[in-house]
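Here's my_file23.cif, which has mmCIF, C-alpha atoms and all ligand atoms:
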```
data_structure
#
loop_
_atom_site.label_atom_id
_atom_site.label_comp_id
_atom_site.auth_asym_id
_atom_site.auth_seq_id
_atom_site.Cartn_x
_atom_site.Cartn_y
_atom_site.Cartn_z
CA MET A 29 51.26 25.31 -49.43
CA LYS A 30 51.32 25.11 -53.24
CA PRO A 31 52.36 28.44 -54.90
CA ALA A 32 49.14 28.51 -57.00
CA LEU A 33 47.03 28.19 -53.84
CA LYS A 34 49.07 30.90 -52.11
CA LYS A 35 48.45 33.22 -55.04
CA SER A 36 44.74 32.68 -54.92
CA PHE A 37 44.72 33.59 -51.19
CA ALA A 38 46.66 36.77 -51.97
CA GLN A 39 44.21 37.63 -54.72
CA ARG A 40 41.31 37.05 -52.39
CA GLU A 41 42.86 39.37 -49.84
CA ALA A 42 42.99 42.09 -52.46
CA ILE A 43 39.23 41.91 -53.02
CA VAL A 44 38.18 41.53 -49.38
CA MET A 45 34.81 43.20 -48.62
CA ASP A 46 34.95 46.51 -46.83
CA PHE A 47 31.86 47.86 -45.06
CA GLU A 48 33.55 51.00 -43.76
CA LEU A 49 32.89 54.40 -45.27
CA SER A 50 35.94 56.42 -46.26
CA MET A 51 37.11 59.28 -44.05
CA GLU A 52 35.81 61.75 -46.68
CA GLN A 53 32.38 60.11 -46.62
CA GLU A 54 32.25 60.25 -42.80
CA ILE A 55 33.22 63.93 -42.87
CA LEU A 56 30.57 64.58 -45.51
CA ARG A 57 27.91 62.90 -43.36
CA LYS A 58 28.88 65.02 -40.35
CA THR A 59 28.95 68.23 -42.40
CA VAL A 60 25.52 67.61 -43.95
CA ARG A 61 24.05 66.57 -40.58
CA THR A 62 25.28 69.77 -38.92
CA PHE A 63 23.95 71.86 -41.81
CA VAL A 64 20.52 70.19 -41.79
CA GLU A 65 20.12 70.53 -38.01
CA LYS A 66 21.02 74.22 -38.21
CA GLU A 67 19.33 75.34 -41.44
CA ILE A 68 16.45 72.95 -42.17
CA ALA A 69 15.26 71.47 -38.86
CA PRO A 70 14.12 74.85 -37.43
CA VAL A 71 11.91 75.66 -40.47
CA ALA A 72 10.74 72.24 -41.66
CA ARG A 73 7.42 72.15 -39.79
CA GLU A 74 6.52 75.73 -40.68
CA LEU A 75 7.25 75.24 -44.39
CA ASP A 76 5.27 71.99 -44.38
CA GLU A 77 2.28 73.70 -42.83
CA ALA A 78 2.46 76.67 -45.19
CA GLU A 79 3.01 74.28 -48.15
CA GLU A 80 5.87 76.51 -49.19
CA PHE A 81 9.04 75.88 -51.19
CA SER A 82 11.87 77.84 -49.57
CA PRO A 83 14.31 79.70 -51.87
CA GLU A 84 16.46 80.39 -48.78
CA THR A 85 17.08 76.77 -47.79
CA MET A 86 17.45 75.86 -51.49
CA SER A 87 20.15 78.47 -51.87
CA ALA A 88 21.87 77.29 -48.66
CA MET A 89 21.86 73.69 -49.96
CA GLY A 90 23.42 74.96 -53.19
CA GLU A 91 26.13 76.87 -51.33
CA LEU A 92 27.01 73.80 -49.30
CA GLY A 93 27.57 71.88 -52.56
CA LEU A 94 24.59 69.53 -52.49
CA PHE A 95 23.82 69.83 -56.23
CA GLY A 96 25.88 68.24 -58.98
CA MET A 97 27.62 66.07 -56.40
CA VAL A 98 28.55 63.32 -58.88
CA VAL A 99 29.09 65.66 -61.85
CA SER A 100 32.69 66.21 -62.92
CA GLU A 101 34.34 69.47 -61.90
CA GLU A 102 34.67 70.75 -65.47
CA TYR A 103 30.89 71.34 -65.50
CA GLY A 104 30.79 72.86 -62.02
CA GLY A 105 30.14 69.58 -60.19
CA LYS A 106 31.89 68.12 -57.16
CA GLY A 107 33.18 64.92 -58.80
CA MET A 108 32.10 62.69 -55.91
CA ASP A 109 31.07 59.03 -55.90
CA TYR A 110 27.42 57.95 -55.78
CA ILE A 111 27.58 56.67 -52.19
CA SER A 112 28.66 60.14 -51.02
CA TYR A 113 25.69 61.72 -52.80
CA ILE A 114 23.32 59.17 -51.31
CA ILE A 115 24.69 59.79 -47.79
CA ALA A 116 23.79 63.47 -48.27
CA VAL A 117 20.21 62.59 -49.35
CA GLU A 118 19.93 60.25 -46.35
CA GLU A 119 21.04 62.97 -43.94
CA ILE A 120 18.54 65.51 -45.29
CA ALA A 121 15.70 62.94 -45.20
CA ARG A 122 16.59 62.15 -41.57
CA VAL A 123 15.16 65.58 -40.79
CA ASP A 124 12.84 66.50 -43.67
CA GLY A 125 11.43 64.62 -46.66
CA SER A 126 10.56 67.75 -48.66
CA HIS A 127 14.12 69.05 -48.75
CA ALA A 128 15.44 65.58 -49.54
CA ALA A 129 12.98 65.52 -52.48
CA THR A 130 14.15 68.89 -53.82
CA MET A 131 17.77 67.87 -53.59
CA GLY A 132 17.36 64.24 -54.76
CA ALA A 133 15.14 65.12 -57.73
CA GLY A 134 17.35 68.10 -58.58
CA ASN A 135 20.38 65.82 -58.83
CA SER A 136 18.98 62.55 -60.18
CA LEU A 137 16.09 63.69 -62.39
CA GLY A 138 17.16 67.24 -63.22
CA ILE A 139 20.94 67.23 -63.60
CA GLY A 140 21.33 63.49 -64.36
CA PRO A 141 19.83 63.29 -67.89
CA ILE A 142 21.67 66.43 -69.07
CA TYR A 143 24.98 65.20 -67.64
CA TYR A 144 24.72 61.65 -68.97
CA TYR A 145 23.07 62.26 -72.38
CA GLY A 146 23.51 65.97 -73.15
CA SER A 147 25.68 67.39 -75.93
CA GLU A 148 28.77 69.36 -74.94
CA ASN A 149 26.85 72.58 -75.65
CA GLN A 150 23.88 71.56 -73.51
CA LYS A 151 26.15 70.55 -70.62
CA ARG A 152 28.13 73.81 -70.76
CA LYS A 153 24.96 75.86 -71.05
CA TYR A 154 22.98 74.38 -68.16
CA LEU A 155 25.13 72.39 -65.75
CA PRO A 156 27.17 75.13 -64.04
CA ASP A 157 24.09 76.93 -62.64
CA LEU A 158 22.30 73.67 -61.84
CA CYS A 159 25.37 72.36 -59.99
CA ALA A 160 25.67 75.60 -58.03
CA GLY A 161 22.04 75.25 -56.90
CA LYS A 162 21.24 78.60 -58.58
CA ALA A 163 18.76 76.91 -60.91
CA LEU A 164 16.62 73.76 -60.91
CA TRP A 165 15.80 71.43 -63.78
CA SER A 166 13.02 68.83 -63.80
CA PHE A 167 12.12 65.58 -65.53
CA GLY A 168 8.69 65.44 -67.19
CA LEU A 169 7.66 61.89 -67.70
CA THR A 170 4.33 61.25 -65.95
CA GLU A 171 1.13 62.28 -67.72
CA PRO A 172 -2.50 62.24 -66.62
CA ASN A 173 -3.03 59.05 -68.68
CA ALA A 174 0.48 57.58 -68.40
CA GLY A 175 1.83 56.96 -64.90
CA SER A 176 3.23 53.48 -64.23
CA ASP A 177 2.84 52.87 -67.97
CA ALA A 178 5.23 55.71 -68.80
CA GLY A 179 5.69 54.39 -72.35
CA GLY A 180 2.05 55.30 -72.94
CA ALA A 181 3.02 59.00 -73.08
CA GLN A 182 0.64 60.98 -75.30
CA THR A 183 2.64 64.22 -75.47
CA THR A 184 3.92 64.68 -79.03
CA ALA A 185 6.87 66.51 -80.55
CA VAL A 186 6.82 67.05 -84.31
CA LEU A 187 9.80 68.33 -86.26
CA ASP A 188 8.93 71.42 -88.28
CA GLY A 189 12.01 72.74 -90.09
CA ASN A 190 14.56 73.49 -87.40
CA GLU A 191 12.12 73.30 -84.49
CA TRP A 192 10.26 70.75 -82.41
CA VAL A 193 6.60 71.59 -81.88
CA ILE A 194 5.44 70.10 -78.58
CA ASN A 195 1.82 69.48 -77.55
CA GLY A 196 0.52 67.71 -74.45
CA SER A 197 0.72 67.81 -70.68
CA LYS A 198 2.61 66.34 -67.73
CA ILE A 199 1.61 65.96 -64.10
CA PHE A 200 3.29 65.67 -60.66
CA ILE A 201 6.62 67.09 -61.88
CA THR A 202 9.07 67.91 -59.06
CA ASN A 203 10.97 71.25 -59.11
CA ALA A 204 9.30 72.52 -62.32
CA SER A 205 7.64 75.77 -61.21
CA THR A 206 9.83 77.46 -58.58
CA ALA A 207 11.23 80.94 -59.13
CA ILE A 208 14.57 79.34 -60.06
CA SER A 209 13.21 76.52 -62.26
CA ARG A 210 15.20 76.84 -65.49
CA GLY A 211 13.61 74.07 -67.57
CA VAL A 212 12.40 70.52 -68.00
CA THR A 213 13.44 67.40 -69.88
CA VAL A 214 10.24 66.28 -71.58
CA MET A 215 9.67 62.76 -72.85
CA ALA A 216 7.47 62.93 -75.96
CA LYS A 217 6.38 60.78 -78.86
CA THR A 218 8.39 61.85 -81.91
CA GLY A 219 7.09 59.24 -84.35
CA ASN A 220 6.52 55.53 -84.90
CA ARG A 221 9.13 52.82 -85.28
CA VAL A 222 9.09 50.33 -88.14
CA ASN A 223 7.77 47.69 -85.73
CA GLY A 224 4.77 49.95 -85.06
CA ARG A 225 5.92 50.94 -81.56
CA LYS A 226 6.13 54.53 -80.41
CA GLU A 227 9.36 56.41 -80.94
CA LEU A 228 10.00 58.32 -77.70
CA SER A 229 12.58 61.08 -77.35
CA CYS A 230 13.64 63.50 -74.64
CA ILE A 231 13.69 67.22 -75.42
CA LEU A 232 14.91 70.13 -73.28
CA VAL A 233 12.40 72.96 -72.79
CA GLU A 234 13.33 76.12 -70.93
CA ASN A 235 10.85 77.77 -68.56
CA GLY A 236 9.49 80.92 -70.17
CA THR A 237 9.34 79.36 -73.66
CA ARG A 238 6.18 80.44 -75.46
CA GLY A 239 3.55 77.71 -75.37
CA PHE A 240 4.95 76.14 -72.18
CA GLU A 241 3.36 76.72 -68.79
CA ALA A 242 4.36 75.15 -65.45
CA LYS A 243 1.71 75.48 -62.71
CA PRO A 244 2.37 74.56 -59.08
CA MET A 245 0.11 71.86 -57.61
CA TYR A 246 -1.18 72.42 -54.07
CA GLY A 247 -2.99 70.25 -51.54
CA LYS A 248 -0.38 67.50 -51.19
CA MET A 249 -0.53 65.22 -48.16
CA MET A 250 3.25 64.85 -48.07
CA TRP A 251 6.45 66.61 -49.24
CA ARG A 252 4.47 69.81 -48.84
CA ALA A 253 7.54 72.05 -48.91
CA SER A 254 8.74 70.59 -52.20
CA ASN A 255 7.54 71.96 -55.52
CA THR A 256 5.23 69.78 -57.66
CA SER A 257 3.77 70.97 -60.97
CA GLU A 258 1.49 70.39 -63.88
CA LEU A 259 3.04 71.20 -67.26
CA TYR A 260 1.15 72.32 -70.36
CA PHE A 261 2.57 72.43 -73.89
CA GLU A 262 0.57 74.13 -76.59
CA ASP A 263 2.36 74.45 -79.94
CA CYS A 264 5.50 75.01 -77.89
CA ARG A 265 8.45 75.49 -80.26
CA VAL A 266 12.04 74.74 -79.27
CA PRO A 267 15.18 74.46 -81.43
CA LYS A 268 15.88 71.09 -83.07
CA ASP A 269 19.17 70.98 -81.13
CA ASN A 270 17.27 70.73 -77.84
CA LEU A 271 16.87 67.02 -78.50
CA LEU A 272 18.69 65.12 -75.74
CA GLY A 273 21.13 62.47 -76.89
CA GLY A 274 19.44 61.33 -80.10
CA ARG A 275 16.04 60.71 -81.57
CA GLY A 276 14.27 57.60 -80.28
CA LYS A 277 16.53 57.29 -77.23
CA GLY A 278 13.93 58.66 -74.81
CA PHE A 279 12.58 55.41 -73.40
CA HIS A 280 16.04 54.04 -72.65
CA GLN A 281 17.14 57.36 -71.10
CA MET A 282 14.01 57.34 -68.95
CA LEU A 283 14.65 53.80 -67.67
CA GLU A 284 18.28 54.59 -66.80
CA THR A 285 17.32 57.87 -65.14
CA LEU A 286 14.72 56.08 -63.01
CA ASP A 287 17.27 53.42 -61.97
CA ALA A 288 19.48 56.17 -60.55
CA GLY A 289 16.51 58.09 -59.15
CA ARG A 290 15.43 55.01 -57.23
CA LEU A 291 18.69 55.11 -55.30
CA SER A 292 17.86 58.56 -53.96
CA VAL A 293 14.29 57.50 -53.13
CA GLY A 294 15.81 54.50 -51.31
CA ALA A 295 18.15 56.86 -49.44
CA GLY A 296 15.11 58.98 -48.58
CA GLY A 297 13.55 55.86 -47.07
CA VAL A 298 16.65 55.00 -45.03
CA GLY A 299 17.10 58.59 -43.81
CA GLY A 300 13.40 59.09 -43.09
CA ALA A 301 13.22 55.80 -41.20
CA GLN A 302 16.35 56.74 -39.23
CA GLY A 303 14.86 60.11 -38.25
CA ALA A 304 11.54 58.53 -37.19
CA TYR A 305 13.33 55.82 -35.22
CA GLU A 306 15.47 58.37 -33.38
CA LEU A 307 12.36 60.38 -32.46
CA ALA A 308 10.60 57.22 -31.21
CA LEU A 309 13.61 56.05 -29.17
CA LYS A 310 14.03 59.44 -27.53
CA TYR A 311 10.32 59.72 -26.74
CA ALA A 312 10.11 56.16 -25.41
CA LYS A 313 13.01 56.79 -23.02
CA GLU A 314 11.44 60.02 -21.73
CA ARG A 315 7.78 59.04 -21.49
CA VAL A 316 6.92 57.43 -18.17
CA GLN A 317 3.82 55.28 -17.63
CA PHE A 318 3.16 52.84 -14.79
CA GLY A 319 6.25 54.32 -13.12
CA ARG A 320 8.69 53.30 -15.89
CA PRO A 321 9.95 54.71 -19.16
CA ILE A 322 7.79 53.10 -21.87
CA SER A 323 10.97 51.95 -23.68
CA THR A 324 11.47 49.38 -20.91
CA PHE A 325 8.23 47.57 -21.74
CA GLN A 326 9.41 44.67 -23.80
CA VAL A 327 6.86 45.25 -26.54
CA ASN A 328 8.24 48.74 -27.19
CA ALA A 329 11.89 47.73 -26.76
CA PHE A 330 11.38 44.97 -29.36
CA LYS A 331 9.67 47.39 -31.74
CA LEU A 332 12.68 49.70 -31.46
CA ALA A 333 15.07 46.78 -31.94
CA ASP A 334 13.20 45.73 -35.10
CA MET A 335 13.34 49.29 -36.41
CA ALA A 336 17.11 49.50 -35.85
CA MET A 337 17.63 46.15 -37.59
CA GLU A 338 15.43 46.88 -40.61
CA ILE A 339 16.97 50.32 -41.14
CA GLU A 340 20.44 48.76 -41.15
CA ALA A 341 19.33 46.14 -43.70
CA ALA A 342 17.77 48.83 -45.91
CA ARG A 343 20.92 50.97 -45.68
CA LEU A 344 23.09 48.04 -46.76
CA LEU A 345 20.84 47.37 -49.78
CA VAL A 346 20.94 51.03 -50.83
CA TYR A 347 24.72 51.33 -50.38
CA GLN A 348 25.30 48.07 -52.24
CA ALA A 349 23.25 49.32 -55.20
CA CYS A 350 25.24 52.60 -55.17
CA TRP A 351 28.48 50.66 -55.02
CA LEU A 352 27.45 48.70 -58.12
CA LYS A 353 26.73 51.99 -59.90
CA ASP A 354 30.07 53.43 -58.81
CA GLN A 355 31.77 50.30 -60.17
CA HIS A 356 29.91 50.73 -63.50
CA LYS A 357 28.21 47.37 -62.96
CA SER A 358 24.58 46.63 -63.73
CA PHE A 359 22.48 47.96 -60.85
CA SER A 360 18.85 47.97 -62.09
CA LYS A 361 17.76 45.01 -59.97
CA ALA A 362 19.67 46.22 -56.91
CA ALA A 363 18.16 49.72 -57.30
CA ALA A 364 14.61 48.35 -57.55
CA MET A 365 15.20 46.13 -54.49
CA ALA A 366 16.76 48.98 -52.51
CA LYS A 367 13.96 51.43 -53.34
CA LEU A 368 11.22 48.89 -52.65
CA TYR A 369 12.68 47.65 -49.39
CA ALA A 370 13.79 51.01 -47.97
CA SER A 371 10.46 52.71 -48.74
CA GLU A 372 8.51 49.87 -47.14
CA VAL A 373 10.85 49.79 -44.13
CA MET A 374 10.17 53.47 -43.61
CA GLY A 375 6.44 52.68 -43.76
CA ARG A 376 6.74 50.10 -40.99
CA VAL A 377 9.03 52.32 -38.91
CA VAL A 378 6.85 55.45 -39.06
CA ASN A 379 3.76 53.41 -38.24
CA GLU A 380 5.30 51.99 -35.06
CA ALA A 381 7.01 55.29 -34.24
CA VAL A 382 3.62 57.05 -34.18
CA GLN A 383 2.22 54.18 -32.08
CA ILE A 384 5.03 54.65 -29.54
CA HIS A 385 4.17 58.37 -29.36
CA GLY A 386 0.55 57.50 -28.49
CA GLY A 387 -1.88 60.41 -28.92
CA TYR A 388 0.95 62.94 -29.12
CA GLY A 389 2.15 61.26 -32.32
CA LEU A 390 -1.03 62.44 -34.02
CA MET A 391 -0.40 66.10 -33.22
CA LYS A 392 1.38 68.46 -35.62
CA GLU A 393 3.51 69.74 -32.75
CA TYR A 394 5.41 66.43 -32.90
CA SER A 395 7.56 65.97 -36.04
CA ILE A 396 6.73 62.27 -36.22
CA GLU A 397 3.35 63.20 -37.72
CA ARG A 398 5.17 64.77 -40.74
CA PHE A 399 7.37 61.69 -41.19
CA TYR A 400 4.23 59.53 -41.19
CA ARG A 401 2.74 61.56 -44.07
CA ASP A 402 5.99 62.03 -46.02
CA GLN A 403 6.68 58.30 -46.10
CA LYS A 404 3.72 57.52 -48.33
CA LEU A 405 5.22 59.12 -51.41
CA LEU A 406 8.18 56.75 -51.31
CA THR A 407 6.09 53.68 -52.21
CA ILE A 408 4.52 55.59 -55.13
CA GLY A 409 7.04 57.98 -56.74
CA GLU A 410 9.62 56.81 -59.32
CA GLY A 411 7.73 53.56 -59.74
CA THR A 412 5.24 52.21 -57.22
CA SER A 413 6.04 49.22 -55.00
CA GLU A 414 4.01 47.06 -57.39
CA ILE A 415 6.12 48.25 -60.34
CA GLN A 416 9.36 47.57 -58.40
CA ARG A 417 8.16 44.01 -57.78
CA LEU A 418 7.40 43.71 -61.49
CA VAL A 419 10.90 44.98 -62.40
CA ILE A 420 12.54 42.53 -59.96
CA ALA A 421 10.33 39.65 -61.10
CA ARG A 422 11.37 40.31 -64.71
CA LEU A 423 15.06 40.60 -63.81
CA ILE A 424 15.08 37.31 -61.90
CA GLY A 425 13.36 35.64 -64.84
CA ALA A 426 10.05 34.90 -63.09
CA ILE A 427 8.03 36.61 -65.82
C1 LIG A 501 4.92 64.31 -55.15
C2 LIG A 501 5.17 63.59 -56.43
C3 LIG A 501 6.30 63.91 -57.17
C4 LIG A 501 6.51 63.31 -58.42
N1 LIG A 501 7.58 63.70 -59.20
C5 LIG A 501 7.66 63.29 -60.49
C6 LIG A 501 8.63 63.83 -61.38
O1 LIG A 501 9.47 64.67 -61.01
N2 LIG A 501 8.61 63.42 -62.69
C7 LIG A 501 7.72 62.51 -63.16
O2 LIG A 501 7.75 62.21 -64.34
N3 LIG A 501 6.80 61.94 -62.32
C8 LIG A 501 6.73 62.32 -61.01
N4 LIG A 501 5.79 61.78 -60.16
C9 LIG A 501 4.85 60.79 -60.68
C10 LIG A 501 5.03 59.38 -60.10
O3 LIG A 501 6.22 58.83 -60.60
C11 LIG A 501 3.77 58.59 -60.44
O4 LIG A 501 2.74 59.08 -59.60
C12 LIG A 501 3.96 57.11 -60.26
O5 LIG A 501 4.84 56.59 -61.22
C13 LIG A 501 2.62 56.33 -60.35
O6 LIG A 501 1.87 56.72 -61.44
P1 LIG A 501 0.31 57.09 -61.25
O7 LIG A 501 0.24 58.05 -60.14
O8 LIG A 501 -0.24 57.49 -62.54
O9 LIG A 501 -0.36 55.74 -60.74
P2 LIG A 501 -0.92 54.54 -61.67
O10 LIG A 501 0.10 54.14 -62.66
O11 LIG A 501 -2.26 54.90 -62.19
O12 LIG A 501 -1.06 53.37 -60.62
C14 LIG A 501 -2.17 53.26 -59.72
C15 LIG A 501 -2.04 51.93 -58.97
O13 LIG A 501 -2.07 50.84 -59.89
C16 LIG A 501 -0.92 50.04 -59.72
N5 LIG A 501 -0.47 49.51 -61.02
C17 LIG A 501 -0.35 50.17 -62.20
N6 LIG A 501 0.10 49.36 -63.14
C18 LIG A 501 0.29 48.15 -62.57
C19 LIG A 501 0.74 46.87 -63.03
N7 LIG A 501 1.16 46.69 -64.29
N8 LIG A 501 0.80 45.85 -62.15
C20 LIG A 501 0.40 46.03 -60.85
N9 LIG A 501 -0.04 47.20 -60.37
C21 LIG A 501 -0.10 48.24 -61.22
C22 LIG A 501 0.14 50.97 -59.14
O14 LIG A 501 1.14 50.25 -58.47
C23 LIG A 501 -0.71 51.83 -58.21
O15 LIG A 501 -0.91 51.15 -57.00
C24 LIG A 501 5.61 62.32 -58.89
C25 LIG A 501 4.49 61.97 -58.11
C26 LIG A 501 4.26 62.60 -56.91
C27 LIG A 501 3.02 62.25 -56.14
#
```

Would you write out, as structure tokens, the structure that this file holds?
Ligand SMILES: Cc1cc2nc3c(=O)[nH]c(=O)nc-3n(C[C@H](O)[C@H](O)[C@H](O)COP(=O)(O)OP(=O)(O)OC[C@H]3O[C@@H](n4cnc5c(N)ncnc54)[C@H](O)[C@@H]3O)c2cc1C
Amino acid sequence: MKPALKKSFAQREAIVMDFELSMEQEILRKTVRTFVEKEIAPVARELDEAEEFSPETMSAMGELGLFGMVVSEEYGGKGMDYISYIIAVEEIARVDGSHAATMGAGNSLGIGPIYYYGSENQKRKYLPDLCAGKALWSFGLTEPNAGSDAGGAQTTAVLDGNEWVINGSKIFITNASTAISRGVTVMAKTGNRVNGRKELSCILVENGTRGFEAKPMYGKMMWRASNTSELYFEDCRVPKDNLLGGRGKGFHQMLETLDAGRLSVGAGGVGGAQGAYELALKYAKERVQFGRPISTFQVNAFKLADMAMEIEAARLLVYQACWLKDQHKSFSKAAAMAKLYASEVMGRVVNEAVQIHGGYGLMKEYSIERFYRDQKLLTIGEGTSEIQRLVIARLIGAI
């Protein structure tokens, strides 16, 4: 063999693909699974029914180290890789979507923007408590008249001396009005660019600031034990230094934050689908009709086989997108694909899982009913399925 050819084989060996999780990641999965089964599973249905955010389970998640997982240790984080964080979201979603939402939004939408774009002062001021799970931060992007078209935000922030004066409102904001909600990153219009386009910036506003009110929203179909809020800003004044990362950077920060957020929504889809599939498999093996477990009817066995296959495919897409992020490679397209596919896989899985449960699947006593409701958010939040298809279509050059 020619030496040059030999070298290229050796090089190829060095970059061989590896689908195995590390020992640390496997231990993390086991630890989170044990925690969720013990602390969250027993209360999930009750909290869902009462539409109640639980400070107790929140605090337990914080103590376990589920906040600030990818933040460096100097700010109180755990310094882990993104795949590890996503495994934790997946494990929580396997049992309960609401808790996965609190934890995923707390990390990706709350902690993320401060960690990636905050000044040293802002990071030192807020991150330690957020990473300990003692406080929650939220991300206020969506407005009553600006949802998918987030750039159409009408909330304004005007500089008056050394203060920003904020006016406007936000809707559907996760984690913004709990007893431990510390503040929100608000995207607001701060002026016009020379090309006539809006100048959008992100500004940090602490809960309790005069002129800022966060009101919980009730009556949700899904994620009922997670906190969702409407935010009102009326001549709300905050220091000039509360600007995040630079004037006019808001739109870019929002897009990057949503890219990362989509990975946790994707993980929520994989975990939720896994939980629903496990419930359906168990039920199908136990339920006897016509003298046989219903899992042995080919139609049900094939449904379960399809579920197992689609969940595995969704998991690979989500992990691959996380791997790209961990490698500091571009991951926008992979994140949109992972979020879109995993959320739609969960939709198909919960639908068939309820079908396998027959009439019992429609009763609150059976957890599958909660999975069926919780799934629907995943094709809407952090960019609807239609918007993901738009993002992918643009990134592959179709539009
Ligand atoms: C429980 C919950 C938690 C949330 N948490 C947060 C949060 O923490 N922070 C935050 O900022 N937001 C949050 N959101 C808001 C969420 O991101 C938006 O609901 C979502 O982006 C869709 O916006 P919209 O509801 O205004 O729908 P719209 O934008 O009005 O869309 C309605 C329909 O039109 C379709 N559509 C719109 N534009 C297009 C287009 N160009 N092409 C094709 N179809 C289109 C959509 O796909 C959808 O089917 C949350 C929402 C919920 C329900």

Could you give me the centre and size, in Å to one decimal, of an axis-aligned box around all listed atoms of ligand LIG 501 (chain A) with 5 Å added on every side, as AutoDock Vina command-line options?
```
--center_x 3.6 --center_y 55.3 --center_z -59.7 --size_x 21.7 --size_y 28.8 --size_z 19.2
```

*Protein/DNA/RNA residues near (16.4, 70.2, -41.7), cut 10 Å, only C-alpha atoms, as a PyMOL selection string*: chain A and resi 60-73+85+119-128

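Between atom C3 of ligand LIG 501 (chain A) and CA of Glu77 in chain A there is a distance of 17.8 Å.
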
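Every protein or nucleic acid residue with an atom no more than 10 Å from Gly236 in chain A, counting all atoms listed in the file and leaving out same-chain residues fewer than 5 positions away, appears here: Ser209, Arg210, Gly211, Glu241 and Ala242 of chain A.
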
Select the residues contacting ligand LIG 501 (chain A) at a distance of at most 9 Å, based on all atoms listed in the file, then format the selection as a compact mmCIF listing (two decimals) with C-alpha atoms, in the frame of the given file.
```
# COMPACT_ATOMS: atom_id res chain seq x y z
CA ALA A 129 12.98 65.52 -52.48
CA ALA A 133 15.14 65.12 -57.73
CA GLY A 134 17.35 68.10 -58.58
CA LEU A 137 16.09 63.69 -62.39
CA GLY A 138 17.16 67.24 -63.22
CA SER A 166 13.02 68.83 -63.80
CA PHE A 167 12.12 65.58 -65.53
CA GLY A 168 8.69 65.44 -67.19
CA LEU A 169 7.66 61.89 -67.70
CA THR A 170 4.33 61.25 -65.95
CA GLU A 171 1.13 62.28 -67.72
CA PRO A 172 -2.50 62.24 -66.62
CA ASN A 173 -3.03 59.05 -68.68
CA ALA A 174 0.48 57.58 -68.40
CA GLY A 175 1.83 56.96 -64.90
CA SER A 176 3.23 53.48 -64.23
CA ASP A 177 2.84 52.87 -67.97
CA ALA A 178 5.23 55.71 -68.80
CA LYS A 198 2.61 66.34 -67.73
CA ILE A 199 1.61 65.96 -64.10
CA PHE A 200 3.29 65.67 -60.66
CA ILE A 201 6.62 67.09 -61.88
CA THR A 202 9.07 67.91 -59.06
CA ASN A 203 10.97 71.25 -59.11
CA ALA A 204 9.30 72.52 -62.32
CA VAL A 214 10.24 66.28 -71.58
CA MET A 215 9.67 62.76 -72.85
CA LYS A 248 -0.38 67.50 -51.19
CA MET A 249 -0.53 65.22 -48.16
CA MET A 250 3.25 64.85 -48.07
CA TRP A 251 6.45 66.61 -49.24
CA ARG A 252 4.47 69.81 -48.84
CA SER A 254 8.74 70.59 -52.20
CA ASN A 255 7.54 71.96 -55.52
CA THR A 256 5.23 69.78 -57.66
CA SER A 257 3.77 70.97 -60.97
CA LEU A 405 5.22 59.12 -51.41
CA LEU A 406 8.18 56.75 -51.31
CA THR A 407 6.09 53.68 -52.21
CA ILE A 408 4.52 55.59 -55.13
CA GLY A 409 7.04 57.98 -56.74
CA GLU A 410 9.62 56.81 -59.32
CA GLY A 411 7.73 53.56 -59.74
CA THR A 412 5.24 52.21 -57.22
CA SER A 413 6.04 49.22 -55.00
CA GLU A 414 4.01 47.06 -57.39
CA ILE A 415 6.12 48.25 -60.34
CA GLN A 416 9.36 47.57 -58.40
CA ARG A 417 8.16 44.01 -57.78
CA LEU A 418 7.40 43.71 -61.49
```

May I have the protein, DNA and RNA residues with an atom at most 12 Å from (5.4, 50.9, -46.2), counting only C-alpha atoms in the file's coordinates, returned as a short mmCIF file (atom, residue, chain, number, x, y, z; two decimals) with C-alpha atoms, in the frame of the given file?
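out_28.cif, written as the output of this step:
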```
data_model
loop_
_atom_site.label_atom_id
_atom_site.label_comp_id
_atom_site.auth_asym_id
_atom_site.auth_seq_id
_atom_site.Cartn_x
_atom_site.Cartn_y
_atom_site.Cartn_z
CA GLY A 297 13.55 55.86 -47.07
CA GLY A 300 13.40 59.09 -43.09
CA ALA A 301 13.22 55.80 -41.20
CA LYS A 367 13.96 51.43 -53.34
CA LEU A 368 11.22 48.89 -52.65
CA TYR A 369 12.68 47.65 -49.39
CA ALA A 370 13.79 51.01 -47.97
CA SER A 371 10.46 52.71 -48.74
CA GLU A 372 8.51 49.87 -47.14
CA VAL A 373 10.85 49.79 -44.13
CA MET A 374 10.17 53.47 -43.61
CA GLY A 375 6.44 52.68 -43.76
CA ARG A 376 6.74 50.10 -40.99
CA VAL A 377 9.03 52.32 -38.91
CA VAL A 378 6.85 55.45 -39.06
CA ASN A 379 3.76 53.41 -38.24
CA GLU A 380 5.30 51.99 -35.06
CA TYR A 400 4.23 59.53 -41.19
CA ARG A 401 2.74 61.56 -44.07
CA ASP A 402 5.99 62.03 -46.02
CA GLN A 403 6.68 58.30 -46.10
CA LYS A 404 3.72 57.52 -48.33
CA LEU A 405 5.22 59.12 -51.41
CA LEU A 406 8.18 56.75 -51.31
CA THR A 407 6.09 53.68 -52.21
CA ILE A 408 4.52 55.59 -55.13
CA THR A 412 5.24 52.21 -57.22
CA SER A 413 6.04 49.22 -55.00
CA GLU A 414 4.01 47.06 -57.39
#
```

*Return the single residue from A:Tyr394, A:Tyr246, A:Phe359, A:Trp192 that is closest to Asp269 in chain A, with distances computed using only C-alpha atoms.*
A:Trp192

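Considering the residues A:Pro267, A:Tyr110, A:Phe325, A:Glu101 and counting only C-alpha atoms, Pro156 in chain A has its shortest atom-to-atom contact with A:Glu101.
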